file data-v1.txt (compact mmCIF, C-alpha atoms)
# COMPACT_ATOMS: atom_id res chain seq x y z
CA MET A 1 107.36 152.00 121.20
CA LYS A 2 109.51 149.47 123.05
CA ASN A 3 106.41 147.56 124.09
CA LYS A 4 105.14 147.58 120.49
CA LEU A 5 108.42 146.11 119.25
CA ILE A 6 108.34 143.43 121.92
CA ALA A 7 104.75 142.58 121.00
CA ILE A 8 105.63 142.37 117.32
CA PHE A 9 108.54 140.00 117.97
CA LEU A 10 106.47 137.80 120.28
CA GLY A 11 103.70 137.71 117.68
CA LEU A 12 106.15 136.74 114.96
CA SER A 13 107.61 134.00 117.15
CA LEU A 14 104.23 132.24 117.00
CA VAL A 15 104.56 131.89 113.24
CA SER A 16 107.19 129.18 113.53
CA VAL A 17 107.15 125.79 111.92
CA PRO A 18 105.09 123.10 113.66
CA LEU A 19 107.27 120.07 114.03
CA ALA A 20 106.71 117.05 111.88
CA ALA A 21 103.55 118.67 110.60
CA HIS A 22 103.13 116.16 107.82
CA HIS A 23 101.76 113.69 110.32
CA GLY A 24 98.63 114.40 112.27
CA ASN A 25 98.56 115.93 115.70
CA ALA A 26 95.40 114.15 116.80
CA ALA A 27 97.16 112.01 119.40
CA TYR A 28 99.37 114.68 120.91
CA ASP A 29 98.78 117.40 123.46
CA THR A 30 100.54 120.21 121.64
CA SER A 31 99.81 122.64 124.47
CA LYS A 32 102.11 120.74 126.83
CA THR A 33 105.87 120.20 126.72
CA ILE A 34 107.60 117.72 129.00
CA THR A 35 111.36 117.91 129.56
CA VAL A 36 113.26 114.98 131.06
CA LYS A 37 116.86 114.13 131.78
CA ALA A 38 117.12 110.57 130.54
CA THR A 39 119.28 107.68 129.42
CA VAL A 40 118.94 106.45 125.86
CA THR A 41 117.98 102.79 125.51
CA GLU A 42 117.32 102.65 121.77
CA TRP A 43 117.51 104.88 118.69
CA PHE A 44 115.38 103.72 115.80
CA TRP A 45 116.40 105.36 112.51
CA ALA A 46 113.76 104.36 109.94
CA ASN A 47 110.54 105.22 108.17
CA PRO A 48 107.86 106.24 108.78
CA HIS A 49 109.40 108.06 111.75
CA CYS A 50 112.58 107.79 113.72
CA PHE A 51 112.04 107.34 117.44
CA LEU A 52 114.10 107.47 120.60
CA ARG A 53 113.52 105.29 123.65
CA LEU A 54 114.61 106.70 126.97
CA ASP A 55 114.56 105.85 130.65
CA ALA A 56 113.85 108.78 132.94
CA LYS A 57 112.90 109.06 136.59
CA ASP A 58 109.63 110.68 137.52
CA ASP A 59 109.05 112.89 140.58
CA LYS A 60 108.86 109.83 142.82
CA GLY A 61 112.07 108.30 141.55
CA ASN A 62 110.34 105.62 139.49
CA VAL A 63 111.81 104.85 136.07
CA VAL A 64 109.53 105.72 133.16
CA HIS A 65 110.23 104.18 129.76
CA TRP A 66 109.52 106.95 127.24
CA SER A 67 109.20 106.49 123.48
CA ILE A 68 109.38 109.77 121.58
CA GLU A 69 109.19 110.15 117.84
CA ALA A 70 110.80 112.50 115.33
CA SER A 71 110.23 112.69 111.58
CA ASN A 72 111.52 110.45 108.78
CA PRO A 73 115.27 110.07 108.14
CA SER A 74 115.28 112.42 105.15
CA ASP A 75 113.76 115.23 107.20
CA MET A 76 116.00 114.50 110.16
CA VAL A 77 119.20 114.58 108.11
CA ASN A 78 118.30 118.14 107.14
CA LEU A 79 118.13 118.95 110.84
CA GLY A 80 121.56 117.52 111.56
CA TRP A 81 120.45 114.16 112.98
CA SER A 82 121.85 110.82 111.84
CA LYS A 83 121.76 107.14 112.58
CA GLN A 84 124.78 107.78 114.79
CA SER A 85 123.19 110.60 116.81
CA PHE A 86 122.50 108.34 119.79
CA LYS A 87 123.60 105.06 121.29
CA PRO A 88 122.31 103.18 124.32
CA GLY A 89 123.65 104.71 127.51
CA ASP A 90 123.82 108.28 126.23
CA GLU A 91 122.63 110.89 128.73
CA VAL A 92 120.33 113.47 127.13
CA THR A 93 117.75 116.10 127.97
CA ALA A 94 114.65 115.60 125.83
CA SER A 95 111.69 117.93 125.38
CA PHE A 96 108.52 116.66 123.75
CA ASN A 97 104.75 116.93 123.45
CA PRO A 98 103.16 113.98 125.26
CA VAL A 99 100.24 111.97 123.94
CA LYS A 100 96.81 112.90 125.30
CA ASN A 101 96.00 109.47 126.74
CA GLY A 102 98.81 109.47 129.31
CA ALA A 103 100.93 106.74 127.68
CA PRO A 104 104.70 107.35 127.90
CA VAL A 105 104.84 108.40 124.25
CA GLY A 106 105.67 111.78 122.80
CA ARG A 107 106.70 113.83 119.81
CA ILE A 108 110.14 115.38 119.98
CA GLN A 109 110.64 119.13 120.20
CA GLN A 110 114.37 118.93 120.80
CA VAL A 111 117.06 116.77 122.38
CA VAL A 112 120.14 118.19 124.07
CA LEU A 113 123.17 115.91 124.10
CA ALA A 114 125.63 115.53 126.96
CA ASP A 115 128.10 117.83 125.19
CA GLY A 116 125.46 120.56 124.91
CA GLN A 117 124.65 120.06 121.22
CA VAL A 118 120.99 120.79 120.53
CA LEU A 119 119.12 118.64 118.01
CA SER A 120 115.85 120.26 116.99
CA GLY A 121 112.85 118.18 116.02
CA ARG A 122 111.38 120.94 113.87
CA VAL A 123 111.20 120.33 110.13
CA VAL A 124 113.26 122.89 108.24
CA PHE A 125 112.13 124.28 104.92
CA LYS A 126 115.00 124.03 102.51
CA ALA A 127 115.28 122.64 99.04
CA THR A 128 118.16 120.19 99.43
CA ASP A 129 118.66 116.87 101.14
CA SER A 130 121.95 115.59 99.73
CA ASN A 131 123.89 113.04 101.74
CA PRO A 132 126.82 114.43 103.67
CA MET B 1 112.41 155.22 118.67
CA ALA B 2 113.13 154.68 122.36
CA LYS B 3 116.33 152.92 123.23
CA LEU B 4 115.88 149.28 124.18
CA SER B 5 117.50 147.83 127.26
CA VAL B 6 120.33 145.40 126.57
CA SER B 7 118.40 142.47 128.08
CA VAL B 8 115.27 143.14 126.02
CA ALA B 9 117.30 143.52 122.85
CA ALA B 10 119.14 140.26 123.57
CA ALA B 11 115.89 138.39 124.17
CA MET B 12 114.41 139.77 120.97
CA ALA B 13 117.54 138.76 119.07
CA ILE B 14 117.25 135.20 120.39
CA VAL B 15 113.57 135.02 119.49
CA ALA B 16 114.28 136.45 116.05
CA ALA B 17 117.12 133.99 115.46
CA VAL B 18 114.93 131.05 116.38
CA THR B 19 111.89 132.35 114.53
CA PHE B 20 113.55 133.37 111.29
CA SER B 21 115.51 130.15 110.97
CA PHE B 22 112.14 128.52 110.41
CA PRO B 23 110.07 130.23 107.71
CA ALA B 24 106.33 130.33 108.24
CA ASN B 25 104.61 127.05 107.56
CA SER B 26 103.53 127.11 103.95
CA GLN B 27 102.32 123.53 103.78
CA THR B 28 98.67 124.43 104.05
CA SER B 29 98.75 127.65 102.03
CA ALA B 30 96.97 127.45 98.73
CA THR B 31 97.58 131.04 97.76
CA ASP B 32 100.05 131.99 95.05
CA GLN B 33 101.99 128.76 94.91
CA SER B 34 104.32 130.02 92.22
CA ALA B 35 107.13 131.93 93.83
CA PRO B 36 108.13 135.35 92.56
CA LYS B 37 110.15 135.08 89.36
CA ASP B 38 113.85 135.79 89.58
CA GLU B 39 114.40 138.81 87.35
CA LYS B 40 117.74 137.43 86.20
CA ALA B 41 116.60 133.84 85.67
CA ALA B 42 118.38 131.96 82.91
CA PRO B 43 116.14 131.13 79.95
CA ALA B 44 114.38 127.78 79.80
CA PRO B 45 115.56 125.24 77.25
CA ARG B 46 112.91 124.17 74.74
CA HIS B 47 111.09 120.83 75.11
CA ASP B 48 113.15 119.94 78.15
CA ILE B 49 111.91 119.13 81.65
CA SER B 50 114.78 116.76 82.40
CA GLY B 51 116.81 117.10 85.54
CA THR B 52 116.77 116.55 89.28
CA TRP B 53 114.02 118.71 90.71
CA ASP B 54 113.50 119.56 94.35
CA PRO B 55 110.26 121.10 95.68
CA GLY B 56 111.71 121.54 99.16
CA ASN B 57 109.14 120.81 101.84
CA ASP B 58 106.29 122.27 99.77
CA GLY B 59 105.72 118.83 98.30
CA ILE B 60 105.01 117.11 101.64
CA GLN B 61 101.37 118.28 101.66
CA PRO B 62 100.21 116.77 104.95
CA LEU B 63 96.64 118.07 104.84
CA GLY B 64 96.05 117.11 101.23
CA PRO B 65 97.23 118.84 98.07
CA ARG B 66 98.43 122.39 98.35
CA ALA B 67 95.66 123.86 96.20
CA MET B 68 92.93 121.95 98.02
CA PRO B 69 93.91 121.00 101.58
CA GLU B 70 91.46 119.38 103.98
CA ASP B 71 91.34 122.36 106.32
CA GLY B 72 87.64 123.07 106.57
CA LYS B 73 87.85 126.40 104.77
CA PRO B 74 84.98 127.23 102.39
CA GLU B 75 87.32 127.91 99.46
CA HIS B 76 88.63 124.35 99.83
CA GLN B 77 85.31 122.56 99.55
CA ILE B 78 85.47 119.84 96.93
CA PRO B 79 82.48 119.25 94.58
CA TYR B 80 81.64 115.68 95.56
CA THR B 81 78.91 113.63 93.95
CA PRO B 82 76.78 111.59 96.39
CA LEU B 83 78.95 108.56 95.60
CA GLY B 84 82.08 110.64 96.14
CA LEU B 85 80.92 111.73 99.59
CA GLU B 86 79.83 108.24 100.51
CA THR B 87 83.22 106.83 99.51
CA LEU B 88 85.07 109.65 101.28
CA ASN B 89 83.35 108.71 104.52
CA THR B 90 84.77 105.20 104.39
CA HIS B 91 88.31 106.63 104.43
CA ARG B 92 89.88 107.36 107.85
CA PRO B 93 92.92 109.55 107.28
CA SER B 94 95.48 110.47 109.93
CA ASN B 95 95.83 114.11 108.84
CA GLY B 96 93.48 117.00 108.25
CA THR B 97 90.15 117.96 109.78
CA ARG B 98 88.79 114.42 109.34
CA SER B 99 91.84 112.90 111.04
CA VAL B 100 91.60 109.86 113.32
CA LEU B 101 94.17 108.56 115.80
CA PRO B 102 97.22 106.83 114.28
CA GLY B 103 96.03 103.38 115.32
CA ASP B 104 92.61 103.89 113.76
CA THR B 105 93.58 104.96 110.27
CA ASN B 106 92.84 102.82 107.22
CA ASP B 107 95.08 104.88 104.95
CA PRO B 108 96.60 102.20 102.72
CA VAL B 109 99.87 104.11 102.37
CA VAL B 110 100.42 103.96 106.12
CA TYR B 111 100.56 100.20 105.71
CA CYS B 112 102.97 100.49 102.76
CA ASP B 113 100.54 100.06 99.87
CA PRO B 114 101.67 102.02 96.79
CA GLN B 115 100.60 105.65 96.70
CA GLY B 116 99.59 105.44 93.05
CA MET B 117 98.57 108.40 90.95
CA PRO B 118 97.90 111.23 91.55
CA ARG B 119 98.90 110.81 95.19
CA GLU B 120 102.57 110.46 94.31
CA ASP B 121 102.30 114.13 93.26
CA LEU B 122 100.09 115.14 96.15
CA TYR B 123 101.76 113.65 99.23
CA GLU B 124 105.44 113.39 100.10
CA LEU B 125 106.45 114.71 96.70
CA ARG B 126 110.16 115.01 97.17
CA THR B 127 113.21 115.17 94.93
CA THR B 128 112.03 114.12 91.49
CA GLN B 129 114.27 113.04 88.63
CA ILE B 130 113.04 113.34 85.03
CA PHE B 131 114.70 111.73 82.03
CA GLN B 132 113.60 112.10 78.42
CA THR B 133 114.03 109.53 75.67
CA PRO B 134 112.72 109.66 72.08
CA LEU B 135 109.68 107.54 73.00
CA LYS B 136 108.93 108.40 76.61
CA VAL B 137 109.56 110.60 79.58
CA VAL B 138 110.54 108.67 82.69
CA ILE B 139 109.91 110.16 86.13
CA LEU B 140 111.70 108.82 89.20
CA TYR B 141 110.23 109.59 92.63
CA GLN B 142 112.13 109.69 95.89
CA PHE B 143 109.20 108.61 98.06
CA GLY B 144 108.87 104.91 97.51
CA LYS B 145 111.88 104.96 95.18
CA LEU B 146 109.67 104.31 92.15
CA TRP B 147 109.27 105.32 88.51
CA ARG B 148 106.58 106.18 85.97
CA ALA B 149 106.79 106.12 82.19
CA VAL B 150 104.93 108.70 80.09
CA TRP B 151 104.63 107.68 76.45
CA THR B 152 105.36 110.48 73.97
CA ASP B 153 105.04 108.53 70.72
CA GLY B 154 101.56 109.82 69.96
CA ARG B 155 99.59 106.84 71.24
CA ASP B 156 96.16 107.29 72.83
CA LEU B 157 95.16 106.22 76.31
CA PRO B 158 93.97 102.60 76.25
CA LYS B 159 90.20 102.22 75.97
CA ASP B 160 89.90 99.42 78.49
CA PRO B 161 93.03 99.63 80.59
CA GLU B 162 94.04 97.06 83.15
CA PRO B 163 94.09 98.82 86.51
CA ARG B 164 97.56 99.81 87.62
CA TRP B 165 98.56 101.49 90.86
CA TYR B 166 100.17 104.30 88.83
CA GLY B 167 97.88 104.11 85.82
CA TYR B 168 98.88 104.47 82.20
CA SER B 169 100.29 107.79 81.02
CA ILE B 170 100.70 109.62 77.74
CA GLY B 171 102.15 113.07 77.23
CA LYS B 172 102.84 115.76 74.67
CA TRP B 173 104.29 119.25 74.39
CA VAL B 174 101.57 121.87 74.08
CA ASP B 175 104.12 124.63 73.64
CA ASP B 176 107.92 124.87 73.83
CA TYR B 177 107.96 124.84 77.64
CA THR B 178 104.85 122.95 78.76
CA PHE B 179 104.54 119.18 78.81
CA VAL B 180 101.05 117.85 79.52
CA VAL B 181 100.42 114.32 80.78
CA GLN B 182 97.14 112.40 80.92
CA THR B 183 96.87 109.33 83.13
CA SER B 184 94.01 106.83 83.31
CA GLY B 185 93.47 103.24 84.37
CA ILE B 186 94.34 103.89 88.02
CA ASP B 187 93.58 101.18 90.55
CA GLU B 188 90.57 102.21 92.68
CA ARG B 189 92.26 101.11 95.90
CA THR B 190 94.44 104.22 95.96
CA TRP B 191 93.42 107.49 97.60
CA VAL B 192 93.78 110.72 95.66
CA ASP B 193 95.72 112.31 98.53
CA ARG B 194 96.65 112.15 102.20
CA ALA B 195 93.26 113.57 103.18
CA GLY B 196 91.53 110.51 101.78
CA ARG B 197 89.74 111.96 98.76
CA PRO B 198 88.39 109.05 96.68
CA HIS B 199 88.51 108.20 93.01
CA SER B 200 86.89 105.68 90.68
CA GLY B 201 88.37 103.70 87.83
CA ASP B 202 87.21 106.51 85.52
CA LEU B 203 89.64 109.03 86.99
CA ILE B 204 91.78 110.95 84.54
CA VAL B 205 94.65 112.95 85.99
CA GLU B 206 96.15 115.82 84.05
CA GLU B 207 99.65 117.03 84.95
CA ARG B 208 101.17 120.14 83.40
CA PHE B 209 104.92 120.42 83.72
CA HIS B 210 105.98 123.96 82.85
CA ARG B 211 109.67 124.85 82.51
CA ALA B 212 109.50 128.36 83.91
CA ASP B 213 113.21 129.07 83.41
CA ARG B 214 116.43 127.11 83.37
CA ASP B 215 116.34 126.45 87.11
CA HIS B 216 112.65 126.12 87.87
CA LEU B 217 109.86 123.74 86.98
CA GLU B 218 106.19 124.20 87.86
CA LEU B 219 103.70 121.37 88.25
CA SER B 220 99.93 121.69 88.10
CA VAL B 221 97.56 118.75 88.65
CA THR B 222 93.85 118.54 87.80
CA ILE B 223 91.49 115.78 88.98
CA ASN B 224 88.70 114.73 86.61
CA ASP B 225 86.40 111.96 87.84
CA PRO B 226 82.70 112.49 87.05
CA LYS B 227 81.68 109.54 89.25
CA MET B 228 83.17 111.14 92.36
CA TYR B 229 83.18 114.87 91.56
CA THR B 230 80.64 117.04 89.80
CA LYS B 231 83.41 118.93 88.02
CA PRO B 232 87.21 118.81 87.68
CA TRP B 233 89.21 120.38 90.46
CA VAL B 234 92.75 121.67 90.75
CA ALA B 235 94.91 119.82 93.25
CA LEU B 236 98.21 121.54 92.52
CA ASP B 237 98.65 124.97 91.01
CA LYS B 238 102.22 125.58 89.80
CA LEU B 239 104.08 123.82 92.57
CA ARG B 240 107.60 125.08 92.09
CA PHE B 241 110.72 122.90 91.88
CA LYS B 242 114.34 124.02 91.93
CA LEU B 243 116.89 122.39 89.67
CA GLU B 244 119.61 120.54 91.54
CA PRO B 245 123.09 119.89 90.07
CA PRO B 246 123.53 116.69 88.06
CA ASP B 247 125.59 115.05 90.82
CA PHE B 248 122.88 115.53 93.46
CA ASP B 249 122.39 112.28 95.40
CA VAL B 250 118.77 111.43 96.21
CA ARG B 251 118.20 109.64 99.52
CA GLU B 252 115.90 106.66 99.90
CA MET B 253 112.43 107.04 101.38
CA ILE B 254 110.92 103.60 101.47
CA CYS B 255 107.95 102.24 103.39
CA SER B 256 109.14 99.04 104.96
CA PRO B 257 106.40 96.84 106.47
CA SER B 258 108.77 95.56 109.13
CA GLU B 259 109.86 99.07 110.09
CA PHE B 260 106.27 100.23 110.16
CA ALA B 261 105.30 97.30 112.39
CA GLU B 262 108.01 98.31 114.85
CA TYR B 263 106.92 101.95 114.77
CA ASN B 264 103.30 100.97 115.24
CA LYS B 265 104.13 98.75 118.19
CA ILE B 266 106.20 101.39 119.99
CA ILE B 267 104.47 104.64 119.00
CA GLY B 268 101.31 104.28 116.92
CA MET B 269 99.30 101.85 118.98
CA PRO B 270 100.18 103.22 122.46
CA ALA B 271 99.48 106.76 121.23
CA SER B 272 96.03 105.55 120.22
CA GLY B 273 95.38 103.66 123.45
CA LYS B 274 95.31 100.34 121.60
CA GLU B 275 97.85 98.22 123.46
CA PRO B 276 100.62 98.70 125.98
CA GLN B 277 104.23 98.96 124.84

call {"tool": "encode", "arguments": {"input": "data-v1.txt", "output": "C-alpha cells"}}
result
Amino acid sequence: MKNKLIAIFLGLSLVSVPLAAHHGNAAYDTSKTITVKATVTEWFWANPHCFLRLDAKDDKGNVVHWSIEASNPSDMVNLGWSKQSFKPGDEVTASFNPVKNGAPVGRIQQVVLADGQVLSGRVVFKATDSNP
Amino acid sequence: MAKLSVSVAAAMAIVAAVTFSFPANSQTSATDQSAPKDEKAAPAPRHDISGTWDPGNDGIQPLGPRAMPEDGKPEHQIPYTPLGLETLNTHRPSNGTRSVLPGDTNDPVVYCDPQGMPREDLYELRTTQIFQTPLKVVILYQFGKLWRAVWTDGRDLPKDPEPRWYGYSIGKWVDDYTFVVQTSGIDERTWVDRAGRPHSGDLIVEERFHRADRDHLELSVTINDPKMYTKPWVALDKLRFKLEPPDFDVREMICSPSEFAEYNKIIGMPASGKEPQ
C-alpha cells in the first residue's frame, strides 16, 4: 500500500505545468536541466520574454556567458518576479533547460537568490494579474 | 493502510505541495471548456456583457485555439480546402506540431505585426474590458493594448469592405444573455491563430458572448471561410472569463520592435544556431 501511494504521488508530480508553454519548445532540450552558481550581468524585463544574463564558471574554470529566458512580464509578475528582481553583480543559482545546439542559452526553471528566495519560472494558472 | 515512515511522508508532502500549486496544464485541452457552474452564482444582468473579464491562462492558447489546437490528434483535424492546405504550408509557426526554431519562424506577430481577428481571441487572450454604448460595444484587449468597435445600430456588414487588420464588426443580442458578433473584411496578412491556420479576405468570424451569470462570461468563436475550409469550424467553445472588480488595473502587454530585436539577438537567433551572441 505504501508503494502504491508513493507511485501515485510520483505519477501526479508529472502532471505539473510546463514552463512558459505558450512558446515552443523546439529549441530546448527539456530532458536536461543545468544548474549554475553565477553572477548576474543583465536583467532584461520586456516582451516577448524577460531574460537574465549570467557569468558562470564551467568545470575548467572558464567563464561562460549564459543567457536564459523566462516568460513575459505579465506572467512573471504573477510568479513574484519584477523589474527589480535582479541587478548586475547579484549572486544567484540558476536552473534551466539548455538549447539543443550547445549555445549558452536556456529557458529558466528557477532562480535562487543570495538570500535563499526561490523564483520559479513556471507559469501559474490564476485569473488575476493586478499590479502590486 | 500501512503507516508511512516520516521521511516518505515528508517527501510526499513536498511533492504534493509543489505539484498542487500548479494545476494540470489545460492549455491544450479541448474538452469541456466551460467550467462547472457555481450552484450559488448570482443571476446575469440582461443585455450586459460589460466589465473587466479575465480568462486566466486559458486564453494564452499556445498550440492554437483551445477547441482546435495543432496537436496532431485526429479530432483536431481541420477541414482544409486545397488552397487552405497550400497556404498553411507557407506559414512557419513557432508552436505546435508544425513548429520551427525561433529564428526560422515567419509568424508576423513575432515581428510585432497586429494579431488581427480572430487571432486576438485565439492567442494571448488576456484581461478583456468591454464597454457598451447605445450605438456600439467596445472591446479593449490587454495584448497589444488595442480596441475593437462592434456596431449595434442594426447596420449590415459592408459589401466591399476595405481590409482592416481587425475587420469590421456588427453585433446584436439573440437573447437576453447572448451577444453575437460577425466580423468581415479582415486583412489577409493575418494568421487565424498561433498555429498558422490561414484565412482569405472572405473570412467571416462569428463570436458569441454569453453572460452565464453575474460573474462569468463565455466566448465561442466560429471560423467560416469557404476558400480555405470546406466547412465552418469551432475555434473556441465557451471559453470562460471571470469578472474582475471595477478598479482592476490591467497591465500592458505590447510588442515592441526594439525589445524584440534585443530578445532575438540574445536568445532567438543563438537558440536557432543563426549567429553568435

call {"tool": "closest_residue", "arguments": {"input": "data-v1.txt", "among": "A:Leu79, A:Val64, A:Ala70, A:Cys50", "to": "A:Gly102", "atoms": "all atoms listed in the file"}}
result
A:Val64

call {"tool": "atom_distance", "arguments": {"input": "data-v1.txt", "atom1": "atom CA of A:Lys37", "atom2": "atom CA of A:Asp55"}}
result
8.7 Å

call {"tool": "residues_around", "arguments": {"input": "data-v1.txt", "residues": "B:Ser258", "least_positions_apart": "5", "cutoff": "10 Å", "atoms": "only C-alpha atoms", "output": "PyMOL selection string"}}
result
(chain A and resi 47) or (chain B and resi 112+263-264)

call {"tool": "atom_distance", "arguments": {"input": "data-v1.txt", "atom1": "atom CA of B:Leu101", "atom2": "atom CA of A:Val112"}}
result
28.9 Å

call {"tool": "closest_residue", "arguments": {"input": "data-v1.txt", "among": "A:Gln84, A:Pro98, A:Ala103, A:Thr93", "to": "A:Ser120", "atoms": "all atoms listed in the file"}}
result
A:Thr93

call {"tool": "residues_around", "arguments": {"input": "data-v1.txt", "residues": "B:Thr81", "least_positions_apart": "3", "cutoff": "9 Å", "atoms": "only C-alpha atoms", "output": "number ranges by chain"}}
result
B: 84-86, 226-230

call {"tool": "closest_residue", "arguments": {"input": "data-v1.txt", "among": "A:Pro48, A:Gly61, A:Gly89, A:Gly121", "to": "A:Gln109", "atoms": "all atoms listed in the file"}}
result
A:Gly121

call {"tool": "closest_residue", "arguments": {"input": "data-v1.txt", "among": "A:Lys57, A:Lys32, A:His49, A:Lys83", "to": "chain B", "atoms": "all atoms listed in the file"}}
result
A:His49

call {"tool": "closest_residue", "arguments": {"input": "data-v1.txt", "among": "B:Arg155, B:His47, B:Lys40, B:Lys145", "to": "B:Trp173", "atoms": "only C-alpha atoms"}}
result
B:His47

call {"tool": "atom_distance", "arguments": {"input": "data-v1.txt", "atom1": "atom CA of B:Lys242", "atom2": "atom CA of B:His216"}}
result
4.9 Å

call {"tool": "residues_around", "arguments": {"input": "data-v1.txt", "residues": "B:Pro257", "least_positions_apart": "4", "cutoff": "9 Å", "atoms": "all atoms listed in the file", "output": "ChimeraX atom specification"}}
result
/B:111-112,261-262

call {"tool": "closest_residue", "arguments": {"input": "data-v1.txt", "among": "A:Thr35, A:Asn62, A:Ser85, A:Asn97", "to": "chain B", "atoms": "only C-alpha atoms"}}
result
A:Asn97
